[in-house]
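Trainee: Okay, so here is final.cif, and as you'll see once you scroll down, it has mmCIF, C-alpha atoms.
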data_start
loop_
_atom_site.label_atom_id
_atom_site.label_comp_id
_atom_site.auth_asym_id
_atom_site.auth_seq_id
_atom_site.Cartn_x
_atom_site.Cartn_y
_atom_site.Cartn_z
CA LEU N 1 0.00 0.00 0.00
CA ASN N 2 1.51 3.28 -1.14
CA VAL N 3 0.00 6.33 0.60
CA ILE N 4 0.81 9.68 -0.99
CA GLY N 5 -0.25 13.04 0.46
CA ALA N 6 -2.90 11.78 2.88
CA ASP N 7 -4.68 14.74 4.51
CA LEU N 8 -4.72 13.76 8.20
CA GLN N 9 -6.86 16.76 9.11
CA ALA N 10 -9.56 15.84 6.58
CA LEU N 11 -9.46 12.25 7.81
CA GLY N 12 -10.06 13.45 11.38
CA VAL N 13 -6.74 12.09 12.63
CA THR N 14 -5.31 15.49 13.62
CA SER N 15 -6.65 19.00 14.18
CA GLU N 16 -3.69 20.50 12.29
CA ASN N 17 -3.10 20.61 8.54
CA ILE N 18 -0.70 17.68 8.18
CA LYS N 19 -0.03 15.67 5.04
CA ALA N 20 1.51 12.24 5.26
CA GLY N 21 2.90 9.56 3.01
CA LEU N 22 4.24 6.06 3.52
CA LEU N 23 4.81 2.68 1.93
CA LEU N 24 3.17 -0.19 3.84
CA GLU N 25 3.97 -3.83 3.25
CA ALA N 26 2.17 -6.50 5.31
CA ASP N 27 1.86 -10.27 5.36
CA PHE N 28 -0.93 -12.02 7.29
CA ILE N 29 -1.11 -15.78 7.59
CA GLY N 30 -3.74 -17.66 9.60
CA ASN N 31 -7.04 -16.75 11.24
CA THR N 32 -8.22 -14.54 14.10
CA GLU N 33 -7.05 -17.03 16.76
CA ASN N 34 -3.87 -18.37 15.20
CA TYR N 35 -1.89 -16.04 13.00
CA ALA N 36 1.40 -14.45 12.08
CA LEU N 37 1.59 -10.81 11.01
CA ASN N 38 4.65 -9.05 9.63
CA ALA N 39 4.36 -5.39 8.71
CA SER N 40 6.88 -2.87 7.45
CA ILE N 41 6.42 0.87 7.00
CA LYS N 42 9.01 2.61 4.86
CA LYS N 43 9.46 6.06 3.36
CA GLY N 44 7.25 7.52 6.07
CA VAL N 45 7.07 11.31 5.87
CA ALA N 46 4.89 14.09 7.30
CA VAL N 47 4.61 17.65 6.00
CA PHE N 48 3.58 20.36 8.43
CA ASP N 49 3.88 24.13 8.15
CA GLY N 50 5.98 23.80 5.01
CA GLU N 51 8.53 21.52 6.66
CA GLN N 52 9.12 17.85 5.89
CA TYR N 53 9.80 15.33 8.66
CA GLN N 54 11.03 11.77 8.13
CA MET N 55 9.45 8.95 10.13
CA GLY N 56 12.10 6.32 9.57
CA ASP N 57 11.39 2.63 8.99
CA ILE N 58 9.01 0.74 11.27
CA ASP N 59 9.11 -3.06 11.43
CA ILE N 60 6.50 -5.08 13.34
CA THR N 61 6.48 -8.85 13.72
CA SER N 62 3.90 -10.81 15.66
CA LYS N 63 2.79 -14.40 16.15
CA ILE N 64 -0.25 -15.28 18.21
CA ASP N 65 -1.72 -18.74 18.71
CA THR N 66 -3.07 -20.94 21.51
CA LEU N 67 0.42 -21.42 22.95
CA LYS N 68 2.04 -18.02 22.76
CA THR N 69 1.92 -14.29 22.09
CA GLU N 70 4.97 -12.68 20.54
CA VAL N 71 5.11 -9.07 19.36
CA THR N 72 8.21 -7.10 18.42
CA ILE N 73 8.55 -3.56 17.07
CA HIS N 74 11.62 -1.74 15.80
CA SER N 75 11.64 1.91 14.76
CA ASP N 76 13.49 5.18 15.31
CA PHE N 77 11.08 6.24 18.07
CA LEU N 78 9.64 3.03 19.52
CA THR N 79 11.35 -0.29 20.16
CA GLY N 80 10.23 -3.18 22.28
CA ASN N 81 8.77 -6.61 22.61
CA LEU N 82 6.11 -8.56 24.45
CA MET N 83 6.54 -12.30 24.94
CA SER N 84 4.17 -14.72 26.65
CA ASN N 85 3.33 -18.41 26.58
CA ALA N 86 -0.41 -17.66 26.45
CA THR N 87 -3.03 -15.92 24.33
CA PRO N 88 -3.88 -12.21 24.85
CA LYS N 89 -7.22 -13.25 26.39
CA SER N 90 -5.50 -15.58 28.86
CA ILE N 91 -2.97 -12.87 29.75
CA ASN N 92 -5.75 -10.41 30.57
CA THR N 93 -7.65 -12.99 32.62
CA SER N 94 -4.60 -14.08 34.61
CA ILE N 95 -3.36 -10.57 35.45
CA THR N 96 -6.87 -9.37 36.36
CA GLN N 97 -7.32 -12.31 38.72
CA TYR N 98 -3.86 -11.67 40.17
CA PHE N 99 -4.89 -8.21 41.40
CA LYS N 100 -8.34 -9.39 42.52
CA ASN N 101 -6.74 -12.00 44.78
CA TYR N 102 -5.20 -9.27 46.95
CA LEU N 103 -8.71 -8.04 47.81
CA GLN N 104 -10.66 -11.27 48.13
CA ASP N 105 -11.40 -13.18 51.36
CA SER N 106 -10.71 -16.46 49.58
CA PRO N 107 -8.18 -15.83 46.82
CA LYS N 108 -8.50 -18.07 43.80
CA VAL N 109 -5.89 -20.80 44.00
CA VAL N 110 -3.51 -20.80 41.07
CA SER N 111 -3.55 -24.13 39.30
CA GLN N 112 -0.30 -26.05 39.28
CA THR N 113 -0.68 -26.21 35.50
CA ASP N 114 -0.96 -22.43 35.19
CA SER N 115 2.52 -21.65 33.94
CA LEU N 116 1.61 -18.34 32.30
CA THR N 117 4.55 -15.98 31.99
CA LEU N 118 4.86 -12.57 30.41
CA LYS N 119 7.80 -10.31 29.67
CA MET N 120 7.49 -6.82 28.23
CA ASP N 121 10.16 -4.25 27.42
CA LEU N 122 9.39 -0.94 25.68
CA LYS N 123 11.36 2.22 24.99
CA LEU N 124 10.06 5.46 23.48
CA THR N 125 12.72 7.76 22.05
CA PRO N 126 11.48 11.18 20.91
CA ASN N 127 12.29 12.33 17.39
CA PRO N 128 11.28 15.42 15.37
CA ILE N 129 8.21 13.86 13.75
CA LEU N 130 6.76 13.29 17.23
CA THR N 131 7.74 16.51 19.00
CA LYS N 132 7.44 18.95 16.07
CA VAL N 133 4.45 17.51 14.24
CA PHE N 134 2.10 15.32 16.29
CA PHE N 135 2.91 16.41 19.87
CA ARG N 136 4.12 19.97 19.45
CA ASP N 137 3.29 20.97 23.05
CA ILE N 138 6.15 18.73 24.21
CA GLU N 139 9.12 21.08 24.48
CA GLN N 140 11.62 18.48 25.70
CA LEU N 141 11.43 14.77 26.36
CA ASP N 142 14.01 12.15 27.32
CA SER N 143 13.55 8.49 26.44
CA ILE N 144 10.73 6.76 28.32
CA SER N 145 11.11 3.09 29.28
CA ALA N 146 8.65 0.51 30.60
CA ARG N 147 9.35 -3.06 31.73
CA ALA N 148 7.25 -5.86 33.19
CA ASN N 149 7.75 -9.49 34.21
CA PHE N 150 4.87 -11.68 35.37
CA ASN N 151 4.80 -15.32 36.45
CA ALA N 152 1.45 -16.82 37.43
CA ALA N 153 2.89 -19.97 39.01
CA THR N 154 5.19 -18.11 41.42
CA LYS N 155 2.72 -15.20 41.77
CA SER N 156 5.53 -12.79 40.92
CA LEU N 157 5.02 -9.38 39.34
CA VAL N 158 7.82 -6.88 38.69
CA SER N 159 7.08 -3.74 36.67
CA GLU N 160 8.58 -0.29 36.24
CA LEU N 161 8.00 2.92 34.29
CA ASN N 162 10.67 5.64 33.99
CA VAL N 163 10.24 9.17 32.64
CA PRO N 164 13.64 10.89 33.12
CA TYR N 165 12.64 14.38 31.95
CA LEU N 166 9.59 16.02 30.39
CA ARG N 167 8.76 19.63 29.62
CA TYR N 168 5.18 20.13 28.42
CA LYS N 169 3.50 23.51 27.94
CA GLY N 170 5.94 25.11 30.37
CA ILE N 171 5.49 22.38 32.98
CA THR N 172 8.72 20.57 33.90
CA LEU N 173 8.76 17.06 35.30
CA ASP N 174 12.09 15.60 36.43
CA SER N 175 12.81 11.92 37.13
CA LEU N 176 9.37 10.36 37.44
CA ASN N 177 9.42 6.67 38.42
CA PHE N 178 6.58 4.26 39.01
CA SER N 179 6.75 0.59 39.97
CA ILE N 180 4.45 -2.24 41.04
CA ASN N 181 5.87 -5.42 42.58
CA GLY N 182 4.08 -8.35 44.16
CA ASP N 183 4.54 -11.93 45.34
CA GLY N 184 0.92 -13.06 45.71
CA THR N 185 0.44 -12.03 49.34
CA TYR N 186 2.20 -8.66 49.41
CA LEU N 187 1.73 -5.96 46.76
CA ASN N 188 3.87 -2.84 46.73
CA PHE N 189 3.69 0.23 44.52
CA LYS N 190 5.98 3.24 44.51
CA THR N 191 5.97 6.50 42.62
CA GLY N 192 8.32 9.43 42.98
CA LEU N 193 9.76 12.45 41.28
CA THR N 194 12.74 14.70 41.82
CA ASN N 195 11.16 17.95 40.74
CA LEU N 196 7.88 19.34 39.39
CA LEU N 197 7.72 22.95 38.24
CA ALA N 198 4.46 24.46 37.05
CA ASP N 199 4.85 28.16 37.82
CA PRO N 200 3.98 29.29 40.45
CA VAL N 201 3.88 25.75 41.89
CA HIS N 202 7.23 24.12 42.67
CA ILE N 203 7.34 20.65 44.20
CA GLY N 204 10.64 19.11 45.25
CA LYS N 205 11.46 15.46 45.85
CA THR N 206 8.19 13.68 46.49
CA TYR N 207 7.44 9.99 47.06
CA LEU N 208 4.30 7.94 47.52
CA GLU N 209 4.52 4.30 48.54
CA GLY N 210 1.68 1.89 49.13
CA THR N 211 1.52 -1.69 50.32
CA LEU N 212 -1.45 -4.03 50.14
CA GLU N 213 -1.46 -7.10 52.38
CA ASN N 214 -4.33 -9.03 53.96
CA LYS N 215 -6.74 -6.61 52.25
CA GLU N 216 -5.18 -3.68 54.15
CA LEU N 217 -3.74 -0.74 52.24
CA LEU N 218 -0.95 1.27 53.87
CA LEU N 219 0.11 4.58 52.30
CA ASP N 220 3.19 6.67 52.99
CA PHE N 221 3.62 10.14 51.43
CA ILE N 222 6.79 12.23 51.83
CA SER N 223 7.73 15.56 50.22
CA TYR N 224 10.91 17.62 50.54
CA ASN N 225 12.01 21.18 49.98
CA GLY N 226 15.69 20.72 49.30
CA ASN N 227 16.87 18.47 52.14
CA GLU N 228 14.07 19.55 54.47
CA LYS N 229 11.07 17.28 54.86
CA VAL N 230 7.97 19.48 54.51
CA ALA N 231 5.25 16.83 54.49
CA HIS N 232 4.89 13.29 55.76
CA ILE N 233 1.52 11.57 55.77
CA ALA N 234 1.01 7.92 56.64
CA SER N 235 -2.39 6.33 56.47
CA LYS N 236 -4.05 2.96 56.89
#
What does the file become when written as structure tokens?

Mentor:
Amino acid sequence: LNVIGADLQALGVTSENIKAGLLLEADFIGNTENYALNASIKKGVAVFDGEQYQMGDIDITSKIDTLKTEVTIHSDFLTGNLMSNATPKSINTSITQYFKNYLQDSPKVVSQTDSLTLKMDLKLTPNPILTKVFFRDIEQLDSISARANFNAATKSLVSELNVPYLRYKGITLDSLNFSINGDGTYLNFKTGLTNLLADPVHIGKTYLEGTLENKELLLDFISYNGNEKVAHIASK
């Protein structure tokens, strides 16, 4: 499929007058439950305000059947993969039940045959076509990364999101981190940032940590002004 001069504004994709072009090649083999899909986007370009921006090549490979889910993407701005030994429906069911078990009086016992595992690793790297065409309110952005590992049999969950630096419409966010970790009986989440500046508001190092165990949620909030602790709230 060769797209030339597509009007994204007329198509309702964007509110700005942006023209786009690309060459799409795709191979699909199988059916809706068992398939392999390989897609490649080349010669991607966007024209905005008289300037031309290159997208770079995008390669996507995926294979989904009753035994596994495998998705990989490579591009200038987004790279990553998701690997599991189960279908997308089974992944959703297993992870949903995992969180429900922390709140139920009688948690659902994980079957010894439930060997579902999942591993995800994503990285978003800003480039001009993102920051100058589609997300122009982003003034500065460092690479964003997200990782997750889940094992149903061992009831283990390890996940993390990192946003090193973001400046959006004059608002500056420095070193935002978020994580969720659990072992089936104890669930912990943490989020924190080094600095948030949204004139006239200026928030220094701030952390929020929560733990969920035996259906009880404990929260701990701490905020600093320089090295001085200005707020500390603990709740149960």

Trainee: Every residue with an atom at most 8 Å from (-2.2, -18.2, 27.9) (file coordinates; all atoms listed in the file) is what I'm after, so could you write them as an MDAnalysis selection string?

Mentor: chainID N and resid 66:68 84:91 116

Trainee: What residues have an atom no more than 12 Å from (-3.6, -15.6, 11.6) in the file's own frame, counting only C-alpha atoms, and can you write them as a VMD selection string?

Mentor: chain N and resid 27 to 38 62 to 66 69

Trainee: Go ahead and compute the interatomic distance for atom CA of Ile73 of chain N and atom CA of Asp59 of chain N, in Å to one decimal.

Mentor: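 Interatomic distance, atom CA of Ile73 of chain N to atom CA of Asp59 of chain N: 5.7 Å.
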
Trainee: Given the choices N:Leu196, N:Leu103, N:Ala148, N:Ile203, which gets closest to Ile180 of chain N if the distance is worked out from all atoms listed in the file?

Mentor: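 Smallest separation from Ile180 of chain N among the options: N:Ala148.
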
Trainee: Considering all atoms listed in the file, give me a table of residues in segment 17-100 of chain N that are at most 9 Å from segment 129-132 of chain N, with the closest atom pair and distance in Å for each, as JSON lines.

Mentor:
{"residue": "N:Val45", "atom": "CA", "partner": "N:Ile129", "partner_atom": "CA", "distance": 8.4}
{"residue": "N:Ala46", "atom": "CA", "partner": "N:Ile129", "partner_atom": "CA", "distance": 7.3}
{"residue": "N:Phe48", "atom": "CA", "partner": "N:Lys132", "partner_atom": "CA", "distance": 8.7}
{"residue": "N:Gln52", "atom": "CA", "partner": "N:Ile129", "partner_atom": "CA", "distance": 8.9}
{"residue": "N:Tyr53", "atom": "CA", "partner": "N:Ile129", "partner_atom": "CA", "distance": 5.5}
{"residue": "N:Gln54", "atom": "CA", "partner": "N:Ile129", "partner_atom": "CA", "distance": 6.6}
{"residue": "N:Met55", "atom": "CA", "partner": "N:Ile129", "partner_atom": "CA", "distance": 6.2}
{"residue": "N:Phe77", "atom": "CA", "partner": "N:Leu130", "partner_atom": "CA", "distance": 8.3}

Trainee: In Å, how far is it from atom CA of Ala231 of chain N to atom CA of Thr206 of chain N?

Mentor: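 Between atom CA of Ala231 of chain N and atom CA of Thr206 of chain N the gap is 9.1 Å.
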
Trainee: Check what the PyMOL selection byres ((chain N and resi 4) around 12) selects in the file above and give those residues as an MDAnalysis selection string.

Mentor: chainID N and resid 1:3 5:8 19:24 43:47

Trainee: Considering only C-alpha atoms, can you say which of N:Ile171, N:Leu78, N:Ala26, N:Val201 comes closest to Ala146 of chain N?

Mentor: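 Nearest candidate to Ala146 of chain N out of N:Ile171, N:Leu78, N:Ala26, N:Val201: N:Leu78.
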
Trainee: Kindly give the distance, in Å, that separates atom CA of Asp183 of chain N and atom CA of Leu212 of chain N, rounded to a single decimal.

Mentor: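 Going from atom CA of Asp183 of chain N over to atom CA of Leu212 of chain N, I get 11.0 Å.
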
Trainee: So that I can check the surroundings of Asp76 of chain N, please list as a PDB file with C-alpha atoms, in the coordinates of the input every protein, DNA and RNA residue that reaches within 8 Å of it, counting all atoms listed in the file and ignoring chain neighbours fewer than 5 positions away.

Mentor:
ATOM      1  CA  MET N  55       9.450   8.950  10.130  1.00  0.00           C
ATOM      2  CA  GLY N  56      12.100   6.320   9.570  1.00  0.00           C
ATOM      3  CA  ASP N  57      11.390   2.630   8.990  1.00  0.00           C
ATOM      4  CA  ILE N  58       9.010   0.740  11.270  1.00  0.00           C
ATOM      5  CA  THR N 125      12.720   7.760  22.050  1.00  0.00           C
ATOM      6  CA  ASN N 127      12.290  12.330  17.390  1.00  0.00           C
TER       7      ASN N 127
END

Trainee: Skipping near chain neighbours, those fewer than 5 positions away, what residues fall within 8 Å of Asn195 of chain N using all atoms listed in the file, listed as an MDAnalysis selection string?

Mentor: chainID N and resid 172:175 202:206

Trainee: Create the file for the chosen residues now, containing C-alpha atoms and written as a CSV table (one decimal), in the frame of the given file.

Mentor:
chain,number,residue,atom,x,y,z
N,172,THR,CA,8.7,20.6,33.9
N,173,LEU,CA,8.8,17.1,35.3
N,174,ASP,CA,12.1,15.6,36.4
N,175,SER,CA,12.8,11.9,37.1
N,202,HIS,CA,7.2,24.1,42.7
N,203,ILE,CA,7.3,20.6,44.2
N,204,GLY,CA,10.6,19.1,45.2
N,205,LYS,CA,11.5,15.5,45.8
N,206,THR,CA,8.2,13.7,46.5

Trainee: Might you spell out which residues the PyMOL selection byres ((chain N and resi 120-124) around 8) would select in the displayed file, as a ChimeraX atom specification?

Mentor: /N:77-83,118-119,125-126,143-149

Trainee: Could you give me, as a list in words, the residues within 6 Å of Asn181 of chain N, counting all atoms listed in the file and dropping anything in the same chain fewer than 5 positions from it?

Mentor: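 Counting only the stated atoms, we get Leu157, Val158, Leu187 and Asn188 of chain N.
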
Trainee: Can I get the selection written as a compact mmCIF listing (two decimals), in the coordinates of the input, with C-alpha atoms?

Mentor:
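Result file is out-v9.txt:
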# COMPACT_ATOMS: atom_id res chain seq x y z
CA LEU N 157 5.02 -9.38 39.34
CA VAL N 158 7.82 -6.88 38.69
CA LEU N 187 1.73 -5.96 46.76
CA ASN N 188 3.87 -2.84 46.73

Trainee: Which residue out of N:Asp137, N:Asp105, N:Glu70, N:Asp49 has the minimum interatomic distance to Glu216 of chain N when all atoms listed in the file are used?

Mentor: N:Asp105

Trainee: Give as JSON, numbers by chain the residues that the PyMOL selection byres ((chain N and resi 219) around 7) matches when applied to the coordinates above.

Mentor: {"N": [209, 210, 211, 217, 218, 220, 221, 234, 235, 236]}

Trainee: Let me know the centre plus edge lengths, in Å and rounded to one decimal, of a box with edges along x, y and z that contains all listed atoms of segment 172-187 of chain N and is padded by 4 Å on every side, as AutoDock Vina command-line options.

Mentor:
--center_x 6.6 --center_y 3.8 --center_z 41.7 --size_x 20.4 --size_y 41.6 --size_z 23.5

Trainee: With distances taken over all atoms listed in the file, which of N:Ile233, N:Val71, N:Leu11, N:Leu161 is nearest to Ala39 of chain N?

Mentor: N:Val71

Trainee: I need the residue nearest Phe99 of chain N from this list: N:Phe178, N:Tyr207, N:Tyr168, N:Phe150. Use all atoms listed in the file for the distance.

Mentor: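 Looking at the shortest contact to Phe99 of chain N, the residue is N:Phe150.
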
Trainee: Missing atoms in segment 164-175 of chain N: fill them in up to all heavy atoms and send the result as a PDB file, in the frame of the given file.

Mentor:
ATOM      1  N   PRO N 164      12.525  10.102  32.577  1.00  0.00           N
ATOM      2  CA  PRO N 164      13.640  10.890  33.120  1.00  0.00           C
ATOM      3  C   PRO N 164      13.398  12.400  33.125  1.00  0.00           C
ATOM      4  O   PRO N 164      13.716  13.080  34.102  1.00  0.00           O
ATOM      5  CB  PRO N 164      14.814  10.520  32.208  1.00  0.00           C
ATOM      6  CG  PRO N 164      14.438   9.198  31.627  1.00  0.00           C
ATOM      7  CD  PRO N 164      12.955   9.252  31.452  1.00  0.00           C
ATOM      8  N   TYR N 165      12.831  12.925  32.007  1.00  0.00           N
ATOM      9  CA  TYR N 165      12.640  14.380  31.950  1.00  0.00           C
ATOM     10  C   TYR N 165      11.572  14.701  30.917  1.00  0.00           C
ATOM     11  O   TYR N 165      11.563  14.165  29.809  1.00  0.00           O
ATOM     12  CB  TYR N 165      13.945  15.088  31.578  1.00  0.00           C
ATOM     13  CG  TYR N 165      13.865  16.594  31.684  1.00  0.00           C
ATOM     14  CD1 TYR N 165      14.129  17.244  32.892  1.00  0.00           C
ATOM     15  CD2 TYR N 165      13.521  17.378  30.588  1.00  0.00           C
ATOM     16  CE1 TYR N 165      14.040  18.623  33.000  1.00  0.00           C
ATOM     17  CE2 TYR N 165      13.430  18.759  30.680  1.00  0.00           C
ATOM     18  CZ  TYR N 165      13.694  19.381  31.891  1.00  0.00           C
ATOM     19  OH  TYR N 165      13.609  20.758  31.995  1.00  0.00           O
ATOM     20  N   LEU N 166      10.659  15.604  31.291  1.00  0.00           N
ATOM     21  CA  LEU N 166       9.590  16.020  30.390  1.00  0.00           C
ATOM     22  C   LEU N 166       9.272  17.488  30.632  1.00  0.00           C
ATOM     23  O   LEU N 166       9.112  17.916  31.773  1.00  0.00           O
ATOM     24  CB  LEU N 166       8.334  15.173  30.632  1.00  0.00           C
ATOM     25  CG  LEU N 166       7.040  15.652  29.951  1.00  0.00           C
ATOM     26  CD1 LEU N 166       7.169  15.565  28.431  1.00  0.00           C
ATOM     27  CD2 LEU N 166       5.852  14.820  30.436  1.00  0.00           C
ATOM     28  N   ARG N 167       9.200  18.235  29.544  1.00  0.00           N
ATOM     29  CA  ARG N 167       8.760  19.630  29.620  1.00  0.00           C
ATOM     30  C   ARG N 167       7.590  19.794  28.650  1.00  0.00           C
ATOM     31  O   ARG N 167       7.741  19.626  27.436  1.00  0.00           O
ATOM     32  CB  ARG N 167       9.879  20.608  29.280  1.00  0.00           C
ATOM     33  CG  ARG N 167       9.480  22.080  29.452  1.00  0.00           C
ATOM     34  CD  ARG N 167      10.659  23.018  29.303  1.00  0.00           C
ATOM     35  NE  ARG N 167      10.254  24.415  29.366  1.00  0.00           N
ATOM     36  CZ  ARG N 167      10.028  25.087  30.475  1.00  0.00           C
ATOM     37  NH1 ARG N 167      10.184  24.481  31.641  1.00  0.00           N
ATOM     38  NH2 ARG N 167       9.657  26.348  30.452  1.00  0.00           N
ATOM     39  N   TYR N 168       6.408  20.097  29.198  1.00  0.00           N
ATOM     40  CA  TYR N 168       5.180  20.130  28.420  1.00  0.00           C
ATOM     41  C   TYR N 168       4.407  21.403  28.753  1.00  0.00           C
ATOM     42  O   TYR N 168       4.008  21.628  29.904  1.00  0.00           O
ATOM     43  CB  TYR N 168       4.335  18.894  28.736  1.00  0.00           C
ATOM     44  CG  TYR N 168       2.990  18.861  28.076  1.00  0.00           C
ATOM     45  CD1 TYR N 168       2.866  18.490  26.733  1.00  0.00           C
ATOM     46  CD2 TYR N 168       1.828  19.191  28.781  1.00  0.00           C
ATOM     47  CE1 TYR N 168       1.624  18.444  26.123  1.00  0.00           C
ATOM     48  CE2 TYR N 168       0.579  19.146  28.183  1.00  0.00           C
ATOM     49  CZ  TYR N 168       0.482  18.773  26.845  1.00  0.00           C
ATOM     50  OH  TYR N 168      -0.747  18.734  26.239  1.00  0.00           O
ATOM     51  N   LYS N 169       4.222  22.254  27.764  1.00  0.00           N
ATOM     52  CA  LYS N 169       3.500  23.510  27.940  1.00  0.00           C
ATOM     53  C   LYS N 169       4.013  24.309  29.135  1.00  0.00           C
ATOM     54  O   LYS N 169       3.243  24.860  29.924  1.00  0.00           O
ATOM     55  CB  LYS N 169       1.998  23.250  28.115  1.00  0.00           C
ATOM     56  CG  LYS N 169       1.286  22.857  26.835  1.00  0.00           C
ATOM     57  CD  LYS N 169      -0.221  22.784  27.048  1.00  0.00           C
ATOM     58  CE  LYS N 169      -0.944  22.548  25.744  1.00  0.00           C
ATOM     59  NZ  LYS N 169      -2.418  22.496  25.905  1.00  0.00           N
ATOM     60  N   GLY N 170       5.335  24.348  29.299  1.00  0.00           N
ATOM     61  CA  GLY N 170       5.940  25.110  30.370  1.00  0.00           C
ATOM     62  C   GLY N 170       6.021  24.383  31.696  1.00  0.00           C
ATOM     63  O   GLY N 170       6.576  24.900  32.670  1.00  0.00           O
ATOM     64  N   ILE N 171       5.434  23.184  31.765  1.00  0.00           N
ATOM     65  CA  ILE N 171       5.490  22.380  32.980  1.00  0.00           C
ATOM     66  C   ILE N 171       6.672  21.417  32.891  1.00  0.00           C
ATOM     67  O   ILE N 171       6.809  20.690  31.901  1.00  0.00           O
ATOM     68  CB  ILE N 171       4.186  21.579  33.178  1.00  0.00           C
ATOM     69  CG1 ILE N 171       2.991  22.530  33.293  1.00  0.00           C
ATOM     70  CG2 ILE N 171       4.283  20.686  34.415  1.00  0.00           C
ATOM     71  CD1 ILE N 171       1.655  21.833  33.326  1.00  0.00           C
ATOM     72  N   THR N 172       7.529  21.418  33.905  1.00  0.00           N
ATOM     73  CA  THR N 172       8.720  20.570  33.900  1.00  0.00           C
ATOM     74  C   THR N 172       8.578  19.450  34.914  1.00  0.00           C
ATOM     75  O   THR N 172       8.265  19.687  36.088  1.00  0.00           O
ATOM     76  CB  THR N 172       9.974  21.403  34.247  1.00  0.00           C
ATOM     77  OG1 THR N 172      10.136  22.447  33.274  1.00  0.00           O
ATOM     78  CG2 THR N 172      11.219  20.520  34.238  1.00  0.00           C
ATOM     79  N   LEU N 173       8.808  18.243  34.458  1.00  0.00           N
ATOM     80  CA  LEU N 173       8.760  17.060  35.300  1.00  0.00           C
ATOM     81  C   LEU N 173      10.103  16.353  35.228  1.00  0.00           C
ATOM     82  O   LEU N 173      10.576  16.003  34.142  1.00  0.00           O
ATOM     83  CB  LEU N 173       7.648  16.117  34.824  1.00  0.00           C
ATOM     84  CG  LEU N 173       7.449  14.811  35.591  1.00  0.00           C
ATOM     85  CD1 LEU N 173       6.987  15.111  37.013  1.00  0.00           C
ATOM     86  CD2 LEU N 173       6.417  13.943  34.873  1.00  0.00           C
ATOM     87  N   ASP N 174      10.736  16.170  36.383  1.00  0.00           N
ATOM     88  CA  ASP N 174      12.090  15.600  36.430  1.00  0.00           C
ATOM     89  C   ASP N 174      12.084  14.276  37.187  1.00  0.00           C
ATOM     90  O   ASP N 174      11.668  14.201  38.330  1.00  0.00           O
ATOM     91  CB  ASP N 174      13.038  16.604  37.113  1.00  0.00           C
ATOM     92  CG  ASP N 174      14.492  16.171  37.024  1.00  0.00           C
ATOM     93  OD1 ASP N 174      14.791  15.174  36.355  1.00  0.00           O
ATOM     94  OD2 ASP N 174      15.326  16.851  37.639  1.00  0.00           O
ATOM     95  N   SER N 175      12.570  13.236  36.513  1.00  0.00           N
ATOM     96  CA  SER N 175      12.810  11.920  37.130  1.00  0.00           C
ATOM     97  C   SER N 175      11.568  11.321  37.780  1.00  0.00           C
ATOM     98  O   SER N 175      11.520  11.086  38.986  1.00  0.00           O
ATOM     99  CB  SER N 175      13.932  12.020  38.167  1.00  0.00           C
ATOM    100  OG  SER N 175      15.122  12.493  37.578  1.00  0.00           O
TER     101      SER N 175
END
